[in-house]
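Visitor: Before we start, here is the structure in question, set down as structure tokens.
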Amino acid sequence: MVAFLFYLLSAVSVLCALLVLLMRNPVHSVLSLIIAFFAIAGHYVLLNAQFLAIVHVIVYAGAIMVLFLFVLMILNLNKAAPPYQTTLVKVMGAIAGGLLLVTMVASLKHSAIQPVAGAEDGQIGLVKNLGKALFTEYVVPFEISSILFLAAMVGAVTLGMRNKKDNSSAITHL
Amino acid sequence: MIAEKMIFILVIFGITLLIATYLTYFERKVAAFLQDRVGPNRAGPFGLLQPLADAGKMFFKEDFVPSAAERALFILGPGIAMFTACMTGAVIPWGNSLHLFGRDISLQVADVDIGLLYIVGFVSIGVYGIMVGGWASNNKYSLFGAIRASSQMISYELAMGISLIAVIMMSGSLSIREIVEQQFDGWNVIYQPVGFLIFFICALAECNRAPFDLPECETELIGGYHTEYSSMKLGFFLFAEYINMFISAAVISTVFFGGYHFPFMQELGLPANVVSLLGVAALFLKIFFFLFVFMWIRWTLPRFRYDQLMHLGWKVLIPLSIINMVLTGGFMLLKDYLW
């Protein structure tokens with residue numbers, strides 16, 4: 001049962017990730033990305049990491065993707081106006097992507113897949129254990145990443161303020 | 001065991017749909033009462049068959065898909081709205097366990113560790129139904145409705161989440177049953193009055209209820225995101241709103257008003273099963289009270305302007321909820337320090 005679910009979710013996530021790239025309409029791409037996120041959340045549930053799964057859904061599907069969709073809807077990109085790409089950009093993209101593939105294959109070829117420490121009993125994903133690990137063992141990385149978030153927030157606010165000063169008359173009312 | 005759960009899920013599903021159906025009737029009756037009218041009184045005694053007549057009307061209307069719409073997404077939109085609305089009820093404890101046929105039957109579909117986050121998660125993805133439907137209609141009014149809905153949802157979700165964090169900090173658990181059990185001595189609303197107020201306002205906004213019904217504001221946007229919808233697809237959108245209302249009232253009752261607890265429940269000296277059933281009745285009484293308040297507000301307050309809505313969400317509710325959270329944490333530390 002678990003193995004079947006694992007392969008089903010994997011297939012869905014890979015298929016949807018491909019559709020993100022292949023769909024011509026950006027809104028369809030975003031919707032496939034949302035389904036891919038749900039499939040990944042399903043993987044977390046299979047690992048008994050309910051907290052991670054639900055936070056993944058809340059943060060990615062519930063907030064970030066809503067904003068993506070929101071921006072796409074405002075820009076109203078559609079089939080009539082696909083994003084303009086020159087041949088140079090396409091060649092550059094192909095080279096960069098190929099290099100990334102080579103690097104990934106080279107680095108993963110000899111590495112054995114290690115089981116995650118503490119995953120055997122299936123209890124690490126529960127909120128209590130995860131919280132304990134985050135606030136004792138990994139407290140320094142945790143705090144550093146929160147500082148990173150704070151910096152990003154301050155940056156976003158600064159950018160927003162600057163735009164407001166430049167064209168305060170152009171604020172659109174929905 | 002599985003069969004038991006299945007039956008219970010079906011019962012909860014049926015009750016949710018029944019209550020959502022009759023909420024349309026109560027909405028009209030409450031509106032009529034507040035406006036000194038009679039309200040629906042033709043179909044059946046006291047107009048009690050009115051929801052059935054409405055449902056029949058919805059089913060028999062022409063199911064129209066605009067030629068410029070994205071057909072698949074247009075059909076998917078109301079489905080998502082209905083699905084996410086129905087999913088939220090799964091983690092709400094509708095009552096204490098019943099002791100029947102020699103074993104305990106839990107009156108909750110799933111007591112997951114992260115119940116409260118599950119509800120927040122489904123509320124946050126509930127907006128996709130509106131966004132997908134509004135966008136796929138290929139109509140400017142629908143698109144405006146969808147964009148308004150999404151920005152409103154994002155803005156009010158933050159304050160909602162932070163006001164819940166204060167409750168979670170106090171109870172030390174994300175499981176809703178645990179939170180309810182801890183309210184045996186005193187309801188959370190006594191300790192978190194500000195949190196309750198913020199949560200209540202945000203719940204109104206998340207349900208797109210007046211005074212926050214800008215996504216479907218008929219004076220500006222015709223019907224907002226459901227302008228192009230007809231027949232039961234429109235019915236699904238409207239129905240999902242009532243289910244969301246019911247679930248919101250249930251969450252408010254369980255998280256802030258003691259859930260299935262009622263005063264003197266241990267002093268009555270009744271058998272455990274009777275107390276459990278009375279608890280279910282008490283929970284539904286609380287839910288109906290909040291549903292009435294929802295309707296009362298809708299028929300009393302005028303709609304916000306869009307900038308007022310954003311101002312309230314970002315500059316009033318979010319700072320207030322953060323202050324509430326910090327003060328809660330401070331008091332908890334102080335309590336530990338003094339006692």
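Ordering of the structure tokens sets the chain letters (A, B, ...); residue numbers start at 1 within each chain; ligands are numbered from 1 in the order shown.
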Up to 9 Å from chain B, what residues of chain A turn up? Count only C-alpha atoms and give them as a ChimeraX atom specification.

Guide: /A:31,50-51,54-55,57-59,61-63,66-67,69-71,73-74,126-128,173-174

Visitor: Enumerate, as a PyMOL selection string, the complete set of residues in segment 47-184 of chain B that a backbone-based DSSP assignment places in strand (DSSP E or B).

Guide: chain B and resi 95-100+103-107

Visitor: Kindly save the residues from that selection, with N, CA and C atoms included, as an mmCIF file, in the first residue's frame.

Guide:
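The result, stored in selection-v1.cif:
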data_model
loop_
_atom_site.group_PDB
_atom_site.id
_atom_site.type_symbol
_atom_site.label_atom_id
_atom_site.label_comp_id
_atom_site.auth_asym_id
_atom_site.auth_seq_id
_atom_site.Cartn_x
_atom_site.Cartn_y
_atom_site.Cartn_z
ATOM 1 N N GLY B 95 -17.917 15.871 19.538
ATOM 2 C CA GLY B 95 -18.372 15.540 20.877
ATOM 3 C C GLY B 95 -17.364 14.631 21.548
ATOM 4 N N ASN B 96 -17.581 14.394 22.858
ATOM 5 C CA ASN B 96 -16.744 13.429 23.547
ATOM 6 C C ASN B 96 -17.091 12.040 23.032
ATOM 7 N N SER B 97 -16.317 11.027 23.414
ATOM 8 C CA SER B 97 -16.587 9.702 22.839
ATOM 9 C C SER B 97 -17.849 9.094 23.469
ATOM 10 N N LEU B 98 -18.536 8.312 22.650
ATOM 11 C CA LEU B 98 -19.727 7.593 23.117
ATOM 12 C C LEU B 98 -19.320 6.159 23.451
ATOM 13 N N HIS B 99 -19.912 5.611 24.508
ATOM 14 C CA HIS B 99 -19.610 4.224 24.863
ATOM 15 C C HIS B 99 -20.793 3.368 24.448
ATOM 16 N N LEU B 100 -20.648 2.716 23.278
ATOM 17 C CA LEU B 100 -21.755 1.925 22.749
ATOM 18 C C LEU B 100 -21.262 0.532 22.401
ATOM 19 N N ARG B 103 -17.720 -0.568 23.389
ATOM 20 C CA ARG B 103 -16.473 0.121 23.047
ATOM 21 C C ARG B 103 -16.716 1.614 22.836
ATOM 22 N N ASP B 104 -15.608 2.355 22.843
ATOM 23 C CA ASP B 104 -15.721 3.806 22.722
ATOM 24 C C ASP B 104 -15.743 4.211 21.258
ATOM 25 N N ILE B 105 -16.707 5.044 20.924
ATOM 26 C CA ILE B 105 -16.770 5.575 19.568
ATOM 27 C C ILE B 105 -16.448 7.055 19.648
ATOM 28 N N SER B 106 -15.347 7.430 18.997
ATOM 29 C CA SER B 106 -14.929 8.829 19.045
ATOM 30 C C SER B 106 -15.767 9.648 18.077
ATOM 31 N N LEU B 107 -16.271 10.767 18.555
ATOM 32 C CA LEU B 107 -17.096 11.613 17.691
ATOM 33 C C LEU B 107 -16.228 12.636 16.958
#

Visitor: Mind the document's chain letters and residue numbers, and return as an NGL selection string the residues of segment 39-269 of chain B that DSSP labels alpha helix (DSSP H).

Guide: :B and (50-60 or 71-87 or 115-125 or 127-136 or 140-171 or 176-181 or 188-191 or 193-206 or 218-221 or 231-256)

Visitor: Identify, on the basis of only C-alpha atoms, every residue whose closest approach to Ile40 of chain A does not exceed 9 Å; exclude the query and any residue fewer than 4 positions from it along the same chain; express the result as a PyMOL selection string.

Guide: chain A and resi 9-10+13+35-36+44-45+53+56

Visitor: Would you mind telling me which residue in A:Ile34, A:Leu21, A:Val14, A:Leu5 lies nearest to Leu46 of chain A when using only C-alpha atoms?

Guide: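 Among A:Ile34, A:Leu21, A:Val14, A:Leu5, it is A:Leu5 that comes nearest to Leu46 of chain A.
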
Visitor: Could you jot down the atom CA of Asn324 of chain B to atom CA of Gly195 of chain B separation for me, Å, one decimal place?

Guide: 6.8 Å

Visitor: So, counting only C-alpha atoms, which residue among B:Arg305, B:Ser142, B:Trp299, B:Ile323 is closest to Ala32 of chain B?

Guide: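 With only C-alpha atoms as the atom set, the closest residue is B:Trp299.
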
Visitor: Report as a ChimeraX atom specification all protein, DNA and RNA residues lying within 10 Å of segment 198-200 of chain B, evaluated on only C-alpha atoms, omitting residues in the same chain fewer than 4 positions from it.

Guide: /B:156-157,159-164,192-194,204-206,248-249,251-252,256,290,294,313,316-318,320-321,324

Visitor: The selected residues should be written to file as a PDB file, in the first residue's frame (atoms: C-alpha atoms).

Guide:
ATOM      1  CA  TYR B 156      -6.497  38.076   6.633  1.00  0.00           C
ATOM      2  CA  GLU B 157      -4.900  34.643   6.852  1.00  0.00           C
ATOM      3  CA  ALA B 159      -3.753  37.803  11.370  1.00  0.00           C
ATOM      4  CA  MET B 160      -5.874  34.652  11.695  1.00  0.00           C
ATOM      5  CA  GLY B 161      -2.809  32.433  12.013  1.00  0.00           C
ATOM      6  CA  ILE B 162      -1.099  34.705  14.523  1.00  0.00           C
ATOM      7  CA  SER B 163      -4.222  34.937  16.689  1.00  0.00           C
ATOM      8  CA  LEU B 164      -4.337  31.126  16.691  1.00  0.00           C
ATOM      9  CA  GLN B 192      -7.780  35.320  24.767  1.00  0.00           C
ATOM     10  CA  PRO B 193     -10.554  37.894  24.232  1.00  0.00           C
ATOM     11  CA  VAL B 194      -8.486  39.912  21.759  1.00  0.00           C
ATOM     12  CA  LEU B 204     -15.811  36.710   8.392  1.00  0.00           C
ATOM     13  CA  ALA B 205     -13.276  37.854   5.824  1.00  0.00           C
ATOM     14  CA  GLU B 206     -12.201  34.314   4.901  1.00  0.00           C
ATOM     15  CA  SER B 248     -15.875  28.651  10.809  1.00  0.00           C
ATOM     16  CA  ALA B 249     -18.552  28.815  13.476  1.00  0.00           C
ATOM     17  CA  VAL B 251     -13.905  26.214  14.762  1.00  0.00           C
ATOM     18  CA  ILE B 252     -14.675  29.354  16.770  1.00  0.00           C
ATOM     19  CA  PHE B 256     -12.435  29.649  21.880  1.00  0.00           C
ATOM     20  CA  PHE B 290     -22.235  32.215  15.914  1.00  0.00           C
ATOM     21  CA  PHE B 294     -22.557  36.109  11.185  1.00  0.00           C
ATOM     22  CA  GLY B 313      -6.161  43.766   7.613  1.00  0.00           C
ATOM     23  CA  VAL B 316      -4.843  47.058  12.455  1.00  0.00           C
ATOM     24  CA  LEU B 317      -5.378  43.316  12.760  1.00  0.00           C
ATOM     25  CA  ILE B 318      -1.831  42.080  12.080  1.00  0.00           C
ATOM     26  CA  LEU B 320      -2.814  43.797  17.087  1.00  0.00           C
ATOM     27  CA  SER B 321      -2.440  40.038  16.750  1.00  0.00           C
ATOM     28  CA  ASN B 324      -1.487  39.824  21.519  1.00  0.00           C
TER      29      ASN B 324
END

Visitor: Write out as a PyMOL selection string which residues come within 10 Å of Trp187 of chain B when counting only C-alpha atoms, dropping same-chain ones fewer than 4 positions away.

Guide: chain B and resi 179-180+182-183+191-192+253-259+261-262

Visitor: Grab the residues selected above and save them as a JSON list (two decimals), in the first residue's frame with N, CA and C atoms.

Guide:
[["chain", "number", "residue", "atom", "x", "y", "z"],
["B", 179, "ILE", "N", -6.98, 20.73, 22.67],
["B", 179, "ILE", "CA", -7.33, 22.12, 23.00],
["B", 179, "ILE", "C", -8.70, 22.17, 23.66],
["B", 180, "VAL", "N", -9.64, 21.36, 23.16],
["B", 180, "VAL", "CA", -10.98, 21.33, 23.75],
["B", 180, "VAL", "C", -10.92, 20.77, 25.16],
["B", 182, "GLN", "N", -8.62, 20.87, 27.28],
["B", 182, "GLN", "CA", -8.02, 21.81, 28.23],
["B", 182, "GLN", "C", -8.95, 22.94, 28.61],
["B", 183, "GLN", "N", -10.07, 23.08, 27.90],
["B", 183, "GLN", "CA", -10.99, 24.17, 28.22],
["B", 183, "GLN", "C", -12.06, 23.72, 29.20],
["B", 191, "TYR", "N", -9.27, 33.87, 28.39],
["B", 191, "TYR", "CA", -7.85, 34.22, 28.41],
["B", 191, "TYR", "C", -7.43, 34.95, 27.14],
["B", 192, "GLN", "N", -8.18, 34.76, 26.07],
["B", 192, "GLN", "CA", -7.78, 35.32, 24.77],
["B", 192, "GLN", "C", -8.91, 36.14, 24.13],
["B", 253, "SER", "N", -16.26, 27.94, 17.94],
["B", 253, "SER", "CA", -16.85, 27.32, 19.14],
["B", 253, "SER", "C", -15.88, 26.35, 19.79],
["B", 254, "THR", "N", -15.13, 25.57, 18.99],
["B", 254, "THR", "CA", -14.25, 24.58, 19.60],
["B", 254, "THR", "C", -12.98, 25.22, 20.15],
["B", 255, "VAL", "N", -12.42, 26.18, 19.43],
["B", 255, "VAL", "CA", -11.13, 26.72, 19.86],
["B", 255, "VAL", "C", -11.29, 27.75, 20.97],
["B", 256, "PHE", "N", -12.33, 28.57, 20.90],
["B", 256, "PHE", "CA", -12.44, 29.65, 21.88],
["B", 256, "PHE", "C", -13.56, 29.45, 22.89],
["B", 257, "PHE", "N", -14.57, 28.64, 22.57],
["B", 257, "PHE", "CA", -15.73, 28.55, 23.46],
["B", 257, "PHE", "C", -15.96, 27.15, 24.01],
["B", 258, "GLY", "N", -14.86, 26.43, 24.23],
["B", 258, "GLY", "CA", -14.97, 25.18, 24.96],
["B", 258, "GLY", "C", -15.52, 23.98, 24.21],
["B", 259, "GLY", "N", -15.78, 24.10, 22.94],
["B", 259, "GLY", "CA", -16.23, 22.95, 22.16],
["B", 259, "GLY", "C", -17.47, 22.31, 22.76],
["B", 261, "HIS", "N", -17.86, 21.27, 25.70],
["B", 261, "HIS", "CA", -18.03, 21.46, 27.14],
["B", 261, "HIS", "C", -19.17, 22.42, 27.41],
["B", 262, "PHE", "N", -19.88, 22.16, 28.49],
["B", 262, "PHE", "CA", -20.88, 23.12, 28.92],
["B", 262, "PHE", "C", -20.82, 23.20, 30.43]]

Visitor: Between A:Ile95, A:Met65, A:Ile147, A:Ala49, which residue has the minimum interatomic distance to Val27 of chain A, considering only C-alpha atoms?

Guide: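 Closest to Val27 of chain A of all the choices is A:Met65.
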
Visitor: Closest to Glu27 of chain B among B:Gly39, B:Gly224, B:Gly329, B:Gly79, using only C-alpha atoms?

Guide: B:Gly39

Visitor: Do a neighbour search on Val30 of chain B at 8 Å with only C-alpha atoms, toss out local chain neighbours closer than 2 positions, and write the hits as JSON, numbers by chain.

Guide: {"B": [26, 27, 28, 32, 33, 34, 292, 295, 296]}

Visitor: From the list A:Leu15, A:Leu108, A:Val157, A:Ala133, which residue is nearest Ala39 of chain A when using only C-alpha atoms?

Guide: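 The shortest atom-to-atom distance to Ala39 of chain A comes from A:Leu15.
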
Visitor: Using only C-alpha atoms, determine which residues lie at most 10 Å from Asn208 of chain B, disregarding the query and same-chain residues fewer than 2 positions distant; provide the list as an mmCIF file with C-alpha atoms, in the first residue's frame.

Guide:
data_model
loop_
_atom_site.group_PDB
_atom_site.id
_atom_site.type_symbol
_atom_site.label_atom_id
_atom_site.label_comp_id
_atom_site.auth_asym_id
_atom_site.auth_seq_id
_atom_site.Cartn_x
_atom_site.Cartn_y
_atom_site.Cartn_z
ATOM 1 C CA ALA B 149 -10.659 37.295 -3.145
ATOM 2 C CA GLN B 152 -8.203 39.490 0.855
ATOM 3 C CA MET B 153 -7.535 35.873 1.803
ATOM 4 C CA CYS B 202 -10.748 37.146 10.000
ATOM 5 C CA ALA B 203 -13.236 34.279 9.794
ATOM 6 C CA LEU B 204 -15.811 36.710 8.392
ATOM 7 C CA ALA B 205 -13.276 37.854 5.824
ATOM 8 C CA GLU B 206 -12.201 34.314 4.901
ATOM 9 C CA ALA B 210 -20.409 40.962 4.415
ATOM 10 C CA PRO B 211 -18.928 43.403 5.330
ATOM 11 C CA PHE B 212 -16.016 41.634 3.587
ATOM 12 C CA ASP B 213 -17.890 40.400 0.510
ATOM 13 C CA LEU B 214 -15.928 42.518 -1.965
ATOM 14 C CA PRO B 215 -15.107 39.550 -4.245
ATOM 15 C CA GLU B 216 -18.778 39.240 -5.142
ATOM 16 C CA CYS B 217 -19.799 42.817 -4.552
ATOM 17 C CA GLU B 241 -19.733 29.711 1.270
ATOM 18 C CA ASN B 244 -17.379 27.529 5.193
ATOM 19 C CA MET B 245 -19.572 29.598 7.481
#
